[in-house]
Amino acid sequence: MLRERFGQSLIASPTRWVEPPWKMVLSNKAILAVLWELFPDHPNLLPASFSPDAFEGRPHAKKPFYSREGANVSLVLDGGATLTTDGRYGEEGFVYQAFAPLPQFGDRYATLGSWVVGDDAVGLCIREELQPITKNTSYFLPHYFIRN
């Protein structure tokens, strides 16, 4: 949204957004390297860096800061093989993160997404793909929670 003509007006806008613009801070992949710098070796984080040198010779992911749904992600696997997806991101910069393989069930890789509103878990999705990078075209199965 910031690239659009009205992007400069977002902050001062009286519009009530379903997903507010400040969430860009949380969805920016650069936060991965910042969190790793603040909390190195935390069990809920993967090592991440702004430099590819941190993972020289080791499997890792290269992710654009603003990428969404697997666009422009590259995986450098054992032996140097690389898997890359297309997209329109990357000029903003990249973050590099240790590779953690997705679980594979049959011929598909799976990842979970979750939605939390306030302190309540309200939804979950499973995204499945035939390759280890899930995208916006991956198989998608949403779930929602009903509170009794």
# chains A, B, ... in the order shown; residues from 1 in each chain; ligands from 1

call {"tool": "residues_around", "arguments": {"residues": "segment 46-52 of chain A", "least_positions_apart": "4", "cutoff": "9 Å", "atoms": "only C-alpha atoms", "output": "PyMOL selection string"}}
result
chain A and resi 30+32-37+40-42+56+60+62+93-100

call {"tool": "write_last_selection", "arguments": {"atoms": "C-alpha atoms", "output": "mmCIF file, in the first residue's frame"}}
result
data_model
loop_
_atom_site.group_PDB
_atom_site.id
_atom_site.type_symbol
_atom_site.label_atom_id
_atom_site.label_comp_id
_atom_site.auth_asym_id
_atom_site.auth_seq_id
_atom_site.Cartn_x
_atom_site.Cartn_y
_atom_site.Cartn_z
ATOM 1 C CA ALA A 30 13.609 -7.704 8.603
ATOM 2 C CA LEU A 32 13.460 -11.796 11.929
ATOM 3 C CA ALA A 33 17.076 -10.575 12.055
ATOM 4 C CA VAL A 34 16.261 -7.917 14.664
ATOM 5 C CA LEU A 35 14.577 -10.477 16.935
ATOM 6 C CA TRP A 36 17.559 -12.834 16.574
ATOM 7 C CA GLU A 37 19.933 -10.003 17.516
ATOM 8 C CA PRO A 40 20.003 -14.994 20.273
ATOM 9 C CA ASP A 41 19.458 -18.718 20.727
ATOM 10 C CA HIS A 42 15.815 -18.258 21.760
ATOM 11 C CA GLU A 56 28.017 -19.589 4.270
ATOM 12 C CA HIS A 60 19.287 -21.164 4.509
ATOM 13 C CA LYS A 62 16.717 -15.677 1.488
ATOM 14 C CA GLY A 93 16.510 -5.728 0.722
ATOM 15 C CA PHE A 94 16.726 -9.258 2.058
ATOM 16 C CA VAL A 95 17.004 -11.163 5.290
ATOM 17 C CA TYR A 96 18.740 -14.548 5.531
ATOM 18 C CA GLN A 97 17.447 -17.222 7.861
ATOM 19 C CA ALA A 98 18.547 -20.732 8.836
ATOM 20 C CA PHE A 99 16.701 -23.398 6.876
ATOM 21 C CA ALA A 100 14.092 -25.376 8.790
#

call {"tool": "residues_around", "arguments": {"residues": "segment 69-76 of chain A", "least_positions_apart": "6", "cutoff": "10 Å", "atoms": "only C-alpha atoms", "output": "ChimeraX atom specification"}}
result
/A:55,57-63,82-90,94,96-99,132-138

call {"tool": "residues_around", "arguments": {"residues": "segment 11-26 of chain A", "least_positions_apart": "4", "cutoff": "12 Å", "atoms": "only C-alpha atoms", "output": "list of chain:residue names"}}
result
A:Met1, A:Leu2, A:Phe6, A:Gly7, A:Ala30, A:Ile31, A:Leu32, A:Val34, A:Leu35, A:Phe65, A:Tyr66, A:Ser67, A:Arg68, A:Trp115, A:Val117

call {"tool": "select_by_dssp", "arguments": {"residues": "segment 35-115 of chain A", "states": "helix (DSSP H, G or I)", "output": "ChimeraX atom specification"}}
result
/A:35-38,52-55,78-80

call {"tool": "write_last_selection", "arguments": {"atoms": "C-alpha atoms", "output": "short mmCIF file (atom, residue, chain, number, x, y, z; two decimals), in the first residue's frame"}}
result
data_model
loop_
_atom_site.label_atom_id
_atom_site.label_comp_id
_atom_site.auth_asym_id
_atom_site.auth_seq_id
_atom_site.Cartn_x
_atom_site.Cartn_y
_atom_site.Cartn_z
CA LEU A 35 14.58 -10.48 16.93
CA TRP A 36 17.56 -12.83 16.57
CA GLU A 37 19.93 -10.00 17.52
CA LEU A 38 17.82 -9.16 20.57
CA PRO A 52 24.30 -14.09 3.71
CA ASP A 53 27.79 -14.64 5.15
CA ALA A 54 26.19 -15.78 8.40
CA PHE A 55 25.08 -18.96 6.61
CA ASP A 78 22.49 -29.00 1.09
CA GLY A 79 25.04 -29.20 -1.70
CA GLY A 80 24.24 -25.66 -2.89
#

call {"tool": "select_by_dssp", "arguments": {"residues": "chain A", "states": "strand (DSSP E)", "output": "PyMOL selection string"}}
result
chain A and resi 48-49+60-64+74-76+82-84+94-98+104-105+108-117+120-129+139-144

call {"tool": "atom_distance", "arguments": {"atom1": "atom CA of Ala110 of chain A", "atom2": "atom CA of Arg127 of chain A"}}
result
5.6 Å

call {"tool": "closest_atom_pairs", "arguments": {"of": "segment 70-128 of chain A", "to": "segment 141-147 of chain A", "cutoff": "8 Å", "atoms": "only C-alpha atoms", "output": "Markdown table"}}
result
| residue | atom | partner | partner_atom | distance |
| --- | --- | --- | --- | --- |
| A:Ala121 | CA | A:Phe145 | CA | 7.6 |
| A:Val122 | CA | A:Phe145 | CA | 5.3 |
| A:Gly123 | CA | A:Tyr144 | CA | 4.4 |
| A:Leu124 | CA | A:His143 | CA | 5.1 |
| A:Cys125 | CA | A:Pro142 | CA | 4.3 |
| A:Ile126 | CA | A:Leu141 | CA | 5.2 |
| A:Arg127 | CA | A:Leu141 | CA | 6.5 |

call {"tool": "write_last_selection", "arguments": {"atoms": "C-alpha atoms", "output": "short mmCIF file (atom, residue, chain, number, x, y, z; two decimals), in the first residue's frame"}}
result
data_model
loop_
_atom_site.label_atom_id
_atom_site.label_comp_id
_atom_site.auth_asym_id
_atom_site.auth_seq_id
_atom_site.Cartn_x
_atom_site.Cartn_y
_atom_site.Cartn_z
CA ALA A 121 -7.07 -17.84 18.96
CA VAL A 122 -9.77 -17.45 16.31
CA GLY A 123 -8.50 -19.25 13.25
CA LEU A 124 -5.97 -21.55 11.70
CA CYS A 125 -5.06 -22.51 8.16
CA ILE A 126 -3.04 -25.27 6.62
CA ARG A 127 -1.18 -24.47 3.41
#

call {"tool": "closest_residue", "arguments": {"among": "A:Glu129, A:Asp120, A:Ser114, A:Ala81", "to": "Leu102 of chain A", "atoms": "only C-alpha atoms"}}
result
A:Glu129
